[in-house]
file run01.cif (mmCIF, C-alpha atoms)
data_coords
#
loop_
_atom_site.group_PDB
_atom_site.id
_atom_site.type_symbol
_atom_site.label_atom_id
_atom_site.label_comp_id
_atom_site.auth_asym_id
_atom_site.auth_seq_id
_atom_site.Cartn_x
_atom_site.Cartn_y
_atom_site.Cartn_z
ATOM 1 C CA TYR I 1370 59.623 43.128 67.133
ATOM 2 C CA LEU I 1371 60.709 41.196 64.019
ATOM 3 C CA ILE I 1372 61.628 42.263 60.518
ATOM 4 C CA GLY I 1373 62.508 39.572 57.992
ATOM 5 C CA SER I 1374 63.184 39.337 54.292
ATOM 6 C CA LYS I 1375 65.113 37.243 51.808
ATOM 7 C CA ILE I 1376 68.266 39.231 52.437
ATOM 8 C CA GLY I 1377 68.275 40.099 56.144
ATOM 9 C CA PHE I 1378 66.530 40.099 59.496
ATOM 10 C CA LEU I 1379 66.213 42.184 62.656
ATOM 11 C CA GLU I 1380 64.751 40.924 65.930
ATOM 12 C CA VAL I 1381 64.381 42.734 69.253
ATOM 13 C CA ASN I 1382 62.951 40.880 72.238
ATOM 14 C CA SER I 1383 62.553 41.836 75.920
ATOM 15 C CA LYS I 1384 60.879 39.989 78.776
ATOM 16 C CA GLY I 1385 60.174 41.097 82.336
ATOM 17 C CA ILE I 1386 61.296 44.692 81.870
ATOM 18 C CA ALA I 1387 61.622 46.526 85.218
ATOM 19 C CA LYS I 1388 61.385 43.190 87.082
ATOM 20 C CA ASN I 1389 64.104 41.402 89.021
ATOM 21 C CA ASP I 1390 64.076 38.560 86.506
ATOM 22 C CA GLN I 1391 64.442 39.996 83.004
ATOM 23 C CA THR I 1392 66.114 39.390 79.661
ATOM 24 C CA SER I 1393 66.672 41.367 76.464
ATOM 25 C CA THR I 1394 68.062 40.297 73.096
ATOM 26 C CA LEU I 1395 68.953 41.951 69.802
ATOM 27 C CA ARG I 1396 69.557 39.838 66.698
ATOM 28 C CA LEU I 1397 70.318 41.064 63.231
ATOM 29 C CA GLY I 1398 72.038 39.721 60.177
ATOM 30 C CA LYS I 1399 71.970 38.710 56.564
ATOM 31 C CA TYR I 1400 71.150 35.099 55.838
ATOM 32 C CA GLY I 1401 74.207 33.140 54.848
ATOM 33 C CA ARG I 1402 76.573 36.109 55.330
ATOM 34 C CA TYR I 1403 76.670 37.448 58.887
ATOM 35 C CA TYR I 1404 74.889 37.269 62.222
ATOM 36 C CA LEU I 1405 75.014 39.494 65.322
ATOM 37 C CA ASN I 1406 73.499 38.594 68.693
ATOM 38 C CA LEU I 1407 73.492 40.824 71.783
ATOM 39 C CA SER I 1408 71.756 39.654 74.941
ATOM 40 C CA TRP I 1409 71.508 40.522 78.605
ATOM 41 C CA ASP I 1410 70.004 38.473 81.435
ATOM 42 C CA GLN I 1411 69.292 39.406 85.036
ATOM 43 C CA ILE I 1412 68.409 36.498 87.332
ATOM 44 C CA PRO I 1413 67.922 36.728 91.131
ATOM 45 C CA HIS I 1414 68.772 33.790 93.390
ATOM 46 C CA SER I 1415 67.127 33.838 96.805
ATOM 47 C CA PHE I 1416 68.327 31.470 99.553
ATOM 48 C CA SER I 1417 66.469 32.839 102.578
ATOM 49 C CA ASN I 1418 64.341 35.863 103.476
ATOM 50 C CA HIS I 1419 64.156 34.989 107.174
ATOM 51 C CA SER I 1420 67.822 34.643 108.162
ATOM 52 C CA LYS I 1421 69.254 36.873 110.901
ATOM 53 C CA LEU I 1422 72.776 38.071 111.619
ATOM 54 C CA PHE I 1423 74.298 38.107 115.098
ATOM 55 C CA PHE I 1424 77.376 40.012 113.863
ATOM 56 C CA THR I 1425 77.962 43.491 112.450
ATOM 57 C CA GLU I 1426 79.575 43.701 109.021
ATOM 58 C CA THR I 1427 82.122 46.533 109.170
ATOM 59 C CA GLN I 1428 83.375 45.921 105.630
ATOM 60 C CA LYS I 1429 82.967 43.262 102.985
ATOM 61 C CA GLY I 1430 83.707 39.896 104.570
ATOM 62 C CA VAL I 1431 84.589 41.263 108.030
ATOM 63 C CA TYR I 1432 82.137 40.527 110.877
ATOM 64 C CA ILE I 1433 82.570 41.783 114.444
ATOM 65 C CA ILE I 1434 80.811 41.481 117.802
ATOM 66 C CA ALA I 1435 80.866 44.066 120.584
ATOM 67 C CA ASP I 1436 83.763 43.491 123.005
ATOM 68 C CA SER I 1437 81.317 43.509 125.908
ATOM 69 C CA ILE I 1438 79.474 40.502 124.441
ATOM 70 C CA GLN I 1439 82.698 38.570 123.836
ATOM 71 C CA SER I 1440 83.889 39.387 127.367
ATOM 72 C CA ARG I 1441 80.685 38.152 129.026
ATOM 73 C CA LEU I 1442 80.556 34.957 126.991
ATOM 74 C CA GLN I 1443 84.247 34.295 127.677
ATOM 75 C CA ALA I 1444 83.687 34.719 131.410
ATOM 76 C CA ALA I 1445 80.703 32.341 131.303
ATOM 77 C CA ALA I 1446 82.499 29.676 129.249
ATOM 78 C CA SER I 1447 82.777 27.272 132.209
ATOM 79 C CA ASP I 1448 79.035 27.532 132.976
ATOM 80 C CA ALA I 1449 77.009 25.922 130.175
ATOM 81 C CA GLN I 1450 73.655 27.126 131.516
ATOM 82 C CA ALA I 1451 74.830 30.735 131.815
ATOM 83 C CA THR I 1452 76.307 30.574 128.307
ATOM 84 C CA ARG I 1453 73.028 29.310 126.838
ATOM 85 C CA LEU I 1454 71.025 32.068 128.548
ATOM 86 C CA LEU I 1455 73.400 34.784 127.382
ATOM 87 C CA MET I 1456 73.438 33.485 123.820
ATOM 88 C CA ALA I 1457 69.635 33.261 123.744
ATOM 89 C CA SER I 1458 69.423 36.881 124.866
ATOM 90 C CA TYR I 1459 71.926 38.113 122.274
ATOM 91 C CA LEU I 1460 70.479 36.049 119.448
ATOM 92 C CA SER I 1461 67.020 37.478 120.106
ATOM 93 C CA GLN I 1462 68.457 40.867 119.143
ATOM 94 C CA ALA I 1463 69.928 39.631 115.848
ATOM 95 C CA GLN I 1464 69.006 41.695 112.811
ATOM 96 C CA ARG I 1465 67.302 40.382 109.691
ATOM 97 C CA PHE I 1466 69.834 39.637 106.942
ATOM 98 C CA PRO I 1467 68.357 38.135 103.729
ATOM 99 C CA LEU I 1468 70.623 35.775 101.802
ATOM 100 C CA SER I 1469 70.486 36.214 98.043
ATOM 101 C CA TYR I 1470 72.526 37.267 95.057
ATOM 102 C CA ARG I 1471 71.826 38.537 91.558
ATOM 103 C CA ARG I 1472 73.419 37.349 88.352
ATOM 104 C CA ASP I 1473 73.829 39.769 85.461
ATOM 105 C CA LYS I 1474 75.163 38.308 82.237
ATOM 106 C CA ALA I 1475 75.851 40.114 78.959
ATOM 107 C CA ILE I 1476 76.680 38.201 75.772
ATOM 108 C CA GLY I 1477 77.889 39.465 72.421
ATOM 109 C CA GLU I 1478 78.281 37.115 69.476
ATOM 110 C CA VAL I 1479 79.118 37.722 65.825
ATOM 111 C CA LYS I 1480 79.289 35.171 63.032
ATOM 112 C CA ILE I 1481 80.604 35.864 59.534
ATOM 113 C CA SER I 1482 80.573 33.641 56.442
ATOM 114 C CA PRO I 1483 82.888 35.258 53.882
ATOM 115 C CA THR I 1484 82.360 32.298 51.525
ATOM 116 C CA ARG I 1485 79.961 29.377 51.291
ATOM 117 C CA ASP I 1486 82.561 27.072 52.851
ATOM 118 C CA ILE I 1487 83.943 29.241 55.663
ATOM 119 C CA ASP I 1488 82.277 30.224 58.956
ATOM 120 C CA LEU I 1489 83.939 32.478 61.541
ATOM 121 C CA LYS I 1490 82.465 33.150 64.971
ATOM 122 C CA LEU I 1491 83.582 35.304 67.904
ATOM 123 C CA SER I 1492 81.749 35.618 71.224
ATOM 124 C CA TYR I 1493 82.272 37.397 74.528
ATOM 125 C CA SER I 1494 80.349 37.087 77.772
ATOM 126 C CA ASN I 1495 80.576 39.045 81.011
ATOM 127 C CA GLU I 1496 78.905 37.532 84.065
ATOM 128 C CA LYS I 1497 78.612 39.357 87.375
ATOM 129 C CA ARG I 1498 77.277 37.871 90.598
ATOM 130 C CA LYS I 1499 76.718 40.009 93.658
ATOM 131 C CA GLY I 1500 75.056 39.364 97.014
ATOM 132 C CA TYR I 1501 75.434 36.905 99.896
ATOM 133 C CA LYS I 1502 75.275 33.157 100.480
ATOM 134 C CA ALA I 1503 75.548 31.126 103.681
ATOM 135 C CA THR I 1504 78.875 29.524 104.555
ATOM 136 C CA SER I 1505 80.305 27.824 107.645
ATOM 137 C CA GLY I 1506 83.485 28.578 109.544
ATOM 138 C CA THR I 1507 85.020 27.439 112.800
ATOM 139 C CA PRO I 1508 87.588 29.236 114.978
ATOM 140 C CA ASN I 1509 88.295 25.997 116.881
ATOM 141 C CA PHE I 1510 87.297 22.354 117.147
ATOM 142 C CA PHE I 1511 84.107 22.948 119.108
ATOM 143 C CA ASN I 1512 82.231 25.913 117.640
ATOM 144 C CA MET I 1513 80.733 26.023 114.172
ATOM 145 C CA ILE I 1514 79.520 29.418 112.982
ATOM 146 C CA GLU I 1515 77.370 30.095 109.937
ATOM 147 C CA LEU I 1516 78.053 33.409 108.238
ATOM 148 C CA PRO I 1517 76.924 35.281 105.131
ATOM 149 C CA GLU I 1518 79.746 35.101 102.592
ATOM 150 C CA PRO I 1519 79.785 38.128 100.269
ATOM 151 C CA ILE I 1520 79.538 37.181 96.604
ATOM 152 C CA ASP I 1521 81.277 39.605 94.276
ATOM 153 C CA PHE I 1522 82.296 37.527 91.250
ATOM 154 C CA LEU I 1523 83.171 38.678 87.745
ATOM 155 C CA THR I 1524 83.774 36.179 84.936
ATOM 156 C CA HIS I 1525 84.983 37.026 81.438
ATOM 157 C CA GLN I 1526 84.672 34.439 78.677
ATOM 158 C CA VAL I 1527 86.010 34.820 75.128
ATOM 159 C CA ASP I 1528 85.520 32.166 72.441
ATOM 160 C CA ALA I 1529 86.657 32.096 68.815
ATOM 161 C CA GLN I 1530 85.706 29.492 66.213
ATOM 162 C CA ALA I 1531 86.618 28.868 62.594
ATOM 163 C CA GLN I 1532 85.090 26.178 60.379
ATOM 164 C CA TYR I 1533 85.743 25.052 56.829
ATOM 165 C CA SER I 1534 83.129 22.725 55.347
ATOM 166 C CA LYS I 1535 82.821 20.760 52.120
ATOM 167 C CA LYS I 1536 80.187 18.291 51.025
ATOM 168 C CA THR I 1537 81.878 15.202 52.499
ATOM 169 C CA TRP I 1538 84.258 16.652 55.084
ATOM 170 C CA SER I 1539 84.754 19.558 57.468
ATOM 171 C CA ILE I 1540 87.245 20.855 59.996
ATOM 172 C CA ARG I 1541 86.585 23.174 62.941
ATOM 173 C CA GLY I 1542 88.877 24.874 65.467
ATOM 174 C CA ASN I 1543 87.900 26.473 68.793
ATOM 175 C CA VAL I 1544 89.818 28.640 71.246
ATOM 176 C CA GLY I 1545 88.320 29.744 74.560
ATOM 177 C CA VAL I 1546 89.656 31.828 77.443
ATOM 178 C CA SER I 1547 87.935 32.282 80.819
ATOM 179 C CA VAL I 1548 89.003 34.707 83.573
ATOM 180 C CA PHE I 1549 87.437 34.587 87.059
ATOM 181 C CA ASP I 1550 87.845 37.507 89.494
ATOM 182 C CA ASN I 1551 86.681 37.304 93.107
ATOM 183 C CA LYS I 1552 86.735 40.755 94.732
ATOM 184 C CA LEU I 1553 86.835 39.126 98.190
ATOM 185 C CA GLU I 1554 90.109 37.618 99.450
ATOM 186 C CA SER I 1555 89.057 36.160 102.806
ATOM 187 C CA LEU I 1556 86.300 35.953 105.384
ATOM 188 C CA ILE I 1557 87.084 37.231 108.929
ATOM 189 C CA TRP I 1558 84.838 37.039 111.990
ATOM 190 C CA ASP I 1559 84.976 37.471 115.750
ATOM 191 C CA ASN I 1560 84.834 34.409 117.988
ATOM 192 C CA PRO I 1561 81.781 35.127 120.194
ATOM 193 C CA PHE I 1562 83.278 33.152 123.107
ATOM 194 C CA ARG I 1563 86.713 34.765 123.349
ATOM 195 C CA LEU I 1564 87.797 38.404 123.472
ATOM 196 C CA THR I 1565 91.557 37.902 123.787
ATOM 197 C CA ASP I 1566 93.966 35.588 121.969
ATOM 198 C CA THR I 1567 95.704 32.856 123.947
ATOM 199 C CA THR I 1568 97.675 29.646 123.430
ATOM 200 C CA SER I 1569 95.979 27.560 126.131
ATOM 201 C CA GLY I 1570 92.527 26.218 126.809
ATOM 202 C CA VAL I 1571 89.843 25.011 124.451
ATOM 203 C CA MET I 1572 89.022 28.237 122.607
ATOM 204 C CA ARG I 1573 92.229 30.100 121.839
ATOM 205 C CA SER I 1574 91.659 32.551 119.003
ATOM 206 C CA SER I 1575 89.493 35.668 119.289
ATOM 207 C CA LYS I 1576 88.927 35.647 115.533
ATOM 208 C CA GLY I 1577 88.466 33.232 112.682
ATOM 209 C CA ARG I 1578 89.642 33.567 109.098
ATOM 210 C CA MET I 1579 88.884 31.538 106.005
ATOM 211 C CA GLY I 1580 89.918 31.737 102.364
ATOM 212 C CA VAL I 1581 87.345 32.012 99.582
ATOM 213 C CA ALA I 1582 87.273 31.063 95.896
ATOM 214 C CA PRO I 1583 90.572 32.255 94.334
ATOM 215 C CA ASP I 1584 91.060 34.259 91.152
ATOM 216 C CA ASN I 1585 91.938 31.997 88.225
ATOM 217 C CA TRP I 1586 91.995 31.728 84.460
ATOM 218 C CA ALA I 1587 91.701 28.900 81.972
ATOM 219 C CA GLN I 1588 92.347 28.437 78.248
ATOM 220 C CA ASN I 1589 91.069 25.591 76.092
ATOM 221 C CA THR I 1590 91.779 24.787 72.443
ATOM 222 C CA ASN I 1591 90.337 21.980 70.358
ATOM 223 C CA ILE I 1592 90.124 20.919 66.744
ATOM 224 C CA THR I 1593 87.482 18.633 65.252
ATOM 225 C CA GLY I 1594 87.449 16.910 61.883
ATOM 226 C CA PHE I 1595 84.594 15.076 60.152
ATOM 227 C CA VAL I 1596 84.641 12.958 57.001
ATOM 228 C CA LYS I 1597 82.021 10.935 55.154
ATOM 229 C CA LEU I 1598 83.198 8.205 52.803
ATOM 230 C CA PRO I 1599 81.111 6.820 49.925
ATOM 231 C CA TYR I 1600 81.964 3.229 50.801
ATOM 232 C CA PHE I 1601 79.660 1.379 53.213
ATOM 233 C CA ASN I 1602 78.224 4.729 54.360
ATOM 234 C CA ILE I 1603 81.237 5.346 56.647
ATOM 235 C CA GLN I 1604 81.230 8.472 58.824
ATOM 236 C CA SER I 1605 84.130 9.409 61.068
ATOM 237 C CA ARG I 1606 84.719 12.223 63.572
ATOM 238 C CA ALA I 1607 87.864 13.010 65.604
ATOM 239 C CA THR I 1608 88.512 15.695 68.227
ATOM 240 C CA LEU I 1609 91.740 16.733 69.918
ATOM 241 C CA GLY I 1610 91.793 19.253 72.787
ATOM 242 C CA TYR I 1611 94.352 20.944 74.997
ATOM 243 C CA GLY I 1612 93.723 23.070 78.081
ATOM 244 C CA ILE I 1613 95.601 25.088 80.694
ATOM 245 C CA ALA I 1614 94.241 26.368 84.022
ATOM 246 C CA LYS I 1615 96.201 28.631 86.377
ATOM 247 C CA GLN I 1616 95.681 29.993 89.885
ATOM 248 C CA ASP I 1617 98.152 32.222 91.742
ATOM 249 C CA GLU I 1618 96.194 33.682 94.664
ATOM 250 C CA LYS I 1619 98.348 34.789 97.600
ATOM 251 C CA PHE I 1620 98.418 32.469 100.621
ATOM 252 C CA LEU I 1621 96.777 33.609 103.831
ATOM 253 C CA PRO I 1622 98.978 33.568 106.973
ATOM 254 C CA HIS I 1623 98.863 30.356 109.005
ATOM 255 C CA THR I 1624 96.794 31.940 111.766
ATOM 256 C CA ILE I 1625 95.067 35.115 112.828
ATOM 257 C CA ASN I 1626 95.781 34.285 116.496
ATOM 258 C CA SER I 1627 98.247 36.985 117.614
ATOM 259 C CA ALA I 1628 99.275 34.974 120.695
ATOM 260 C CA ILE I 1629 100.932 32.206 118.681
ATOM 261 C CA ALA I 1630 104.649 32.998 118.428
ATOM 262 C CA ASP I 1631 107.003 31.408 115.931
ATOM 263 C CA PRO I 1632 110.497 31.425 117.426
ATOM 264 C CA ASN I 1633 111.774 28.693 115.102
ATOM 265 C CA SER I 1634 110.323 30.206 111.903
ATOM 266 C CA GLN I 1635 108.278 27.058 111.301
ATOM 267 C CA LEU I 1636 105.225 29.091 110.373
ATOM 268 C CA VAL I 1637 106.923 31.241 107.745
ATOM 269 C CA LEU I 1638 105.239 30.549 104.405
ATOM 270 C CA PRO I 1639 107.669 28.766 102.053
ATOM 271 C CA LYS I 1640 106.059 30.599 99.111
ATOM 272 C CA SER I 1641 103.860 33.664 98.882
ATOM 273 C CA SER I 1642 101.373 32.000 96.530
ATOM 274 C CA LEU I 1643 100.485 28.670 94.951
ATOM 275 C CA ASP I 1644 101.517 29.379 91.352
ATOM 276 C CA GLY I 1645 99.288 26.467 90.403
ATOM 277 C CA GLU I 1646 98.996 25.151 86.866
ATOM 278 C CA ILE I 1647 97.053 22.219 85.451
ATOM 279 C CA ARG I 1648 97.191 20.976 81.868
ATOM 280 C CA THR I 1649 94.758 18.627 80.180
ATOM 281 C CA LEU I 1650 94.913 16.710 76.931
ATOM 282 C CA THR I 1651 91.749 15.146 75.551
ATOM 283 C CA GLY I 1652 90.954 13.154 72.466
ATOM 284 C CA SER I 1653 88.020 11.278 71.027
ATOM 285 C CA TYR I 1654 87.331 9.291 67.887
ATOM 286 C CA PHE I 1655 84.050 8.010 66.539
ATOM 287 C CA VAL I 1656 83.378 5.967 63.420
ATOM 288 C CA SER I 1657 80.195 4.389 62.120
ATOM 289 C CA ALA I 1658 79.437 2.256 59.103
ATOM 290 C CA ARG I 1659 76.462 0.573 57.521
ATOM 291 C CA PRO I 1660 77.758 -2.022 55.073
ATOM 292 C CA ILE I 1661 74.252 -3.423 54.533
ATOM 293 C CA LYS I 1662 70.811 -2.125 55.348
ATOM 294 C CA GLU I 1663 70.303 -4.578 58.210
ATOM 295 C CA LEU I 1664 73.681 -3.981 59.887
ATOM 296 C CA SER I 1665 75.076 -0.893 61.644
ATOM 297 C CA LEU I 1666 78.549 -0.732 63.180
ATOM 298 C CA GLU I 1667 79.960 1.863 65.603
ATOM 299 C CA ALA I 1668 83.242 2.338 67.442
ATOM 300 C CA ASN I 1669 84.294 4.910 70.058
ATOM 301 C CA PHE I 1670 87.590 5.874 71.633
ATOM 302 C CA ARG I 1671 88.215 8.514 74.315
ATOM 303 C CA TYR I 1672 91.408 9.758 75.911
ATOM 304 C CA TYR I 1673 91.904 12.086 78.911
ATOM 305 C CA GLU I 1674 95.214 13.150 80.459
ATOM 306 C CA PHE I 1675 95.388 15.302 83.597
ATOM 307 C CA ASP I 1676 98.818 16.817 84.210
ATOM 308 C CA ASN I 1677 99.311 18.764 87.442
ATOM 309 C CA GLN I 1678 102.273 21.083 86.854
ATOM 310 C CA THR I 1679 102.031 22.693 90.304
ATOM 311 C CA GLU I 1680 105.254 22.523 92.249
ATOM 312 C CA GLU I 1681 105.119 20.580 95.504
ATOM 313 C CA ILE I 1682 105.272 22.921 98.514
ATOM 314 C CA ILE I 1683 106.498 21.639 101.873
ATOM 315 C CA PHE I 1684 105.294 23.509 104.953
ATOM 316 C CA PRO I 1685 107.582 22.974 107.998
ATOM 317 C CA GLY I 1686 104.696 23.670 110.384
ATOM 318 C CA ARG I 1687 101.042 24.612 110.468
ATOM 319 C CA VAL I 1688 98.310 25.881 112.774
ATOM 320 C CA ALA I 1689 95.186 23.734 112.874
ATOM 321 C CA TYR I 1690 91.931 25.700 113.042
ATOM 322 C CA GLY I 1691 93.980 28.835 113.801
ATOM 323 C CA ASP I 1692 94.525 27.538 117.345
ATOM 324 C CA TYR I 1693 96.874 24.578 117.584
ATOM 325 C CA GLN I 1694 100.439 24.793 116.293
ATOM 326 C CA LEU I 1695 101.602 21.520 114.747
#
call {"tool": "encode", "arguments": {"input": "run01.cif", "output": "C-alpha cells"}}
result
Amino acid sequence: YLIGSKIGFLEVNSKGIAKNDQTSTLRLGKYGRYYLNLSWDQIPHSFSNHSKLFFTETQKGVYIIADSIQSRLQAAASDAQATRLLMASYLSQAQRFPLSYRRDKAIGEVKISPTRDIDLKLSYSNEKRKGYKATSGTPNFFNMIELPEPIDFLTHQVDAQAQYSKKTWSIRGNVGVSVFDNKLESLIWDNPFRLTDTTSGVMRSSKGRMGVAPDNWAQNTNITGFVKLPYFNIQSRATLGYGIAKQDEKFLPHTINSAIADPNSQLVLPKSSLDGEIRTLTGSYFVSARPIKELSLEANFRYYEFDNQTEEIIFPGRVAYGDYQL
C-alpha cells in the first residue's frame, strides 16, 4: 500500500505473512524534512532435519545419559567389539532432533532534516536468534562428540549520525554501540564411556564442559570530511575512527572432573573473569585530481592500529581436556 504526494508519503509492505520466512515494513515521511522506517524480518535457518540425539537434554545446554548405559560402556571399554555392539544398539534408539534456528530482527530508523544543510539520523535494531546448531566437544583425547548447541542470542545495535553539507564540502559523524547477550554460559554433557570420575586411565572424566560465545559490547565512533576544490577538479575525503570492544564473561573452572584434587592451589583461577578490552584506531585519506581531460590522478592512504588493553593473566596450572593436570 503506497500513498505519495509532493509533501509526504506512506508505504506499508508485507511479504510471506503467516510463513516462517516473512518481512514487514512501514515507511512514512515528508520529503526533505523527515523519514521514519520500521521493519521486522523473520528468517529460518535449517541445518538438518534428519539428525538424532543420543542424549537427553535436562535443561538448556545440559545433556545426560542414563547411568546404566554409562556403566555398561565403561565396563566394556577394554573390549572394542563389545563397545561397538553396545553403541550400535543405543544409537539405534536415538531420538530425532532437528537442527535449526530462527532469526527475528526489528529495526527502527528516523531521519530528520531541520534545515537544508543538516541531516540527523538515529537507528535501533534488535536481533534475536533461537534454536540449535551442531558443535563438537571432547571429554578426553580419544572421543569426539557432536552435540546440539542451544542458540539463544540477543543483539542490540544503536547508531546515531549527524551530517552538515554545503555545495563543495561536508562533514559527517557516526556513533554506534552494539551489545551481545548469550543466554547460555556453557555446554555440559555426560561422557558415554565413563560413569565415575577418576585420575587414571585413558578416559578420566564422567562429564565434559565447554564455554560458548561470551557476552560482549562494542562502541565505534568515526568522523568523515569531504571537500571539492575548484582547481584541477580536486576531490578529497578523510575518515578517522575509534573503537572499543569489551568482554568480561566469568571464567569456567579448570575442570568438571571431581576426582582431580588441587592440594597446591595450582588450579585456583587467578582472576574470576577476563576483563578484556580492545581498542582500535583507523584512518583513511583519499584524493583525486584531473588537471587535464586526458589525465586522472588518485592517491590513497590507510591506517589501522590494534591495541589490546587486556591484562596478561598467568595461570599456575591447568587441566587439559578436563582430564590431565599440567
call {"tool": "closest_atom_pairs", "arguments": {"input": "run01.cif", "of": "region 1560-1602 of chain I", "to": "region 1437-1442 of chain I", "cutoff": "6 Å", "atoms": "all atoms listed in the file", "output": "CSV"}}
result
residue,atom,partner,partner_atom,distance
I:Pro1561,CA,I:Gln1439,CA,5.1
I:Phe1562,CA,I:Leu1442,CA,5.1
I:Arg1563,CA,I:Gln1439,CA,5.6
I:Leu1564,CA,I:Gln1439,CA,5.1
call {"tool": "atom_distance", "arguments": {"input": "run01.cif", "atom1": "CA of Phe1670 (chain I)", "atom2": "CA of Gly1652 (chain I)"}}
result
8.1 Å
call {"tool": "closest_residue", "arguments": {"input": "run01.cif", "among": "I:Asp1473, I:Asp1436, I:Glu1380, I:Asp1617", "to": "Asp1559 (chain I)", "atoms": "all atoms listed in the file"}}
result
I:Asp1436
call {"tool": "atom_distance", "arguments": {"input": "run01.cif", "atom1": "CA of Glu1667 (chain I)", "atom2": "CA of Phe1655 (chain I)"}}
result
7.4 Å
call {"tool": "atom_distance", "arguments": {"input": "run01.cif", "atom1": "CA of Ser1505 (chain I)", "atom2": "CA of Asp1550 (chain I)"}}
result
21.9 Å
call {"tool": "residues_near_point", "arguments": {"input": "run01.cif", "point": "(62.6, 36.7, 106.0)", "cutoff": "8 Å", "atoms": "all atoms listed in the file", "output": "number ranges by chain"}}
result
I: 1417-1420, 1465-1467
call {"tool": "closest_residue", "arguments": {"input": "run01.cif", "among": "I:Lys1474, I:Lys1597, I:His1414, I:Lys1384", "to": "Ser1534 (chain I)", "atoms": "only C-alpha atoms"}}
result
I:Lys1597
call {"tool": "closest_atom_pairs", "arguments": {"input": "run01.cif", "of": "region 1540-1622 of chain I", "to": "region 1513-1520 of chain I", "cutoff": "8 Å", "atoms": "only C-alpha atoms", "output": "CSV"}}
result
residue,atom,partner,partner_atom,distance
I:Asn1551,CA,I:Ile1520,CA,8.0
I:Leu1553,CA,I:Pro1519,CA,7.4
I:Leu1556,CA,I:Glu1518,CA,7.2
call {"tool": "residues_around", "arguments": {"input": "run01.cif", "residues": "Glu1646 (chain I)", "least_positions_apart": "2", "cutoff": "10 Å", "atoms": "only C-alpha atoms", "output": "number ranges by chain"}}
result
I: 1585-1587, 1613-1617, 1643-1644, 1648, 1676-1680
call {"tool": "closest_residue", "arguments": {"input": "run01.cif", "among": "I:Asn1543, I:Ser1641, I:Thr1590, I:Thr1524", "to": "Leu1489 (chain I)", "atoms": "only C-alpha atoms"}}
result
I:Asn1543
call {"tool": "resolve_selection", "arguments": {"input": "run01.cif", "expression": "the PyMOL selection byres ((chain I and resi 1413) around 8)", "output": "number ranges by chain"}}
result
I: 1389-1390, 1411-1412, 1414-1415, 1469-1472
call {"tool": "residues_around", "arguments": {"input": "run01.cif", "residues": "Val1637 (chain I)", "least_positions_apart": "5", "cutoff": "9 Å", "atoms": "all atoms listed in the file", "output": "list in words"}}
result
Pro1622, His1623, Asp1631, Phe1684, Pro1685 and Gly1686 of chain I
call {"tool": "closest_residue", "arguments": {"input": "run01.cif", "among": "I:Ala1446, I:Lys1576, I:Tyr1600, I:Ala1387", "to": "Arg1659 (chain I)", "atoms": "all atoms listed in the file"}}
result
I:Tyr1600
call {"tool": "closest_residue", "arguments": {"input": "run01.cif", "among": "I:Ser1393, I:Ser1539, I:Asn1406, I:Asn1591", "to": "Leu1379 (chain I)", "atoms": "all atoms listed in the file"}}
result
I:Asn1406
call {"tool": "closest_residue", "arguments": {"input": "run01.cif", "among": "I:Ser1408, I:Ser1458, I:Ser1575, I:Asn1602", "to": "Ser1492 (chain I)", "atoms": "all atoms listed in the file"}}
result
I:Ser1408
call {"tool": "resolve_selection", "arguments": {"input": "run01.cif", "expression": "the PyMOL selection byres ((chain I and resi 1580) around 12)", "output": "ChimeraX atom specification"}}
result
/I:1430,1504-1506,1518,1551,1553-1557,1577-1579,1581-1584,1618-1624
call {"tool": "residues_around", "arguments": {"input": "run01.cif", "residues": "Tyr1672 (chain I)", "least_positions_apart": "4", "cutoff": "12 Å", "atoms": "all atoms listed in the file", "output": "PyMOL selection string"}}
result
chain I and resi 1607-1611+1649-1654
call {"tool": "build_atoms", "arguments": {"input": "run01.cif", "residues": "region 1402-1412 of chain I", "atoms": "N, CA and C atoms", "output": "tab-separated table (two decimals), in the frame of the given file"}}
result
chain	number	residue	atom	x	y	z
I	1402	ARG	N	75.42	35.22	55.40
I	1402	ARG	CA	76.57	36.11	55.33
I	1402	ARG	C	77.10	36.52	56.71
I	1403	TYR	N	76.22	37.04	57.56
I	1403	TYR	CA	76.67	37.45	58.89
I	1403	TYR	C	75.50	37.39	59.87
I	1404	TYR	N	75.88	37.39	61.15
I	1404	TYR	CA	74.89	37.27	62.22
I	1404	TYR	C	75.44	37.96	63.46
I	1405	LEU	N	74.63	38.80	64.10
I	1405	LEU	CA	75.01	39.49	65.32
I	1405	LEU	C	73.96	39.25	66.38
I	1406	ASN	N	74.41	38.84	67.58
I	1406	ASN	CA	73.50	38.59	68.69
I	1406	ASN	C	74.02	39.32	69.93
I	1407	LEU	N	73.19	40.15	70.52
I	1407	LEU	CA	73.49	40.82	71.78
I	1407	LEU	C	72.39	40.48	72.77
I	1408	SER	N	72.77	40.02	73.95
I	1408	SER	CA	71.76	39.65	74.94
I	1408	SER	C	72.21	40.03	76.35
I	1409	TRP	N	71.24	40.20	77.21
I	1409	TRP	CA	71.51	40.52	78.60
I	1409	TRP	C	70.45	39.85	79.47
I	1410	ASP	N	70.91	39.16	80.51
I	1410	ASP	CA	70.00	38.47	81.44
I	1410	ASP	C	70.26	38.96	82.85
I	1411	GLN	N	69.20	39.10	83.60
I	1411	GLN	CA	69.29	39.41	85.04
I	1411	GLN	C	68.45	38.38	85.77
I	1412	ILE	N	69.11	37.58	86.63
I	1412	ILE	CA	68.41	36.50	87.33
I	1412	ILE	C	68.71	36.58	88.82
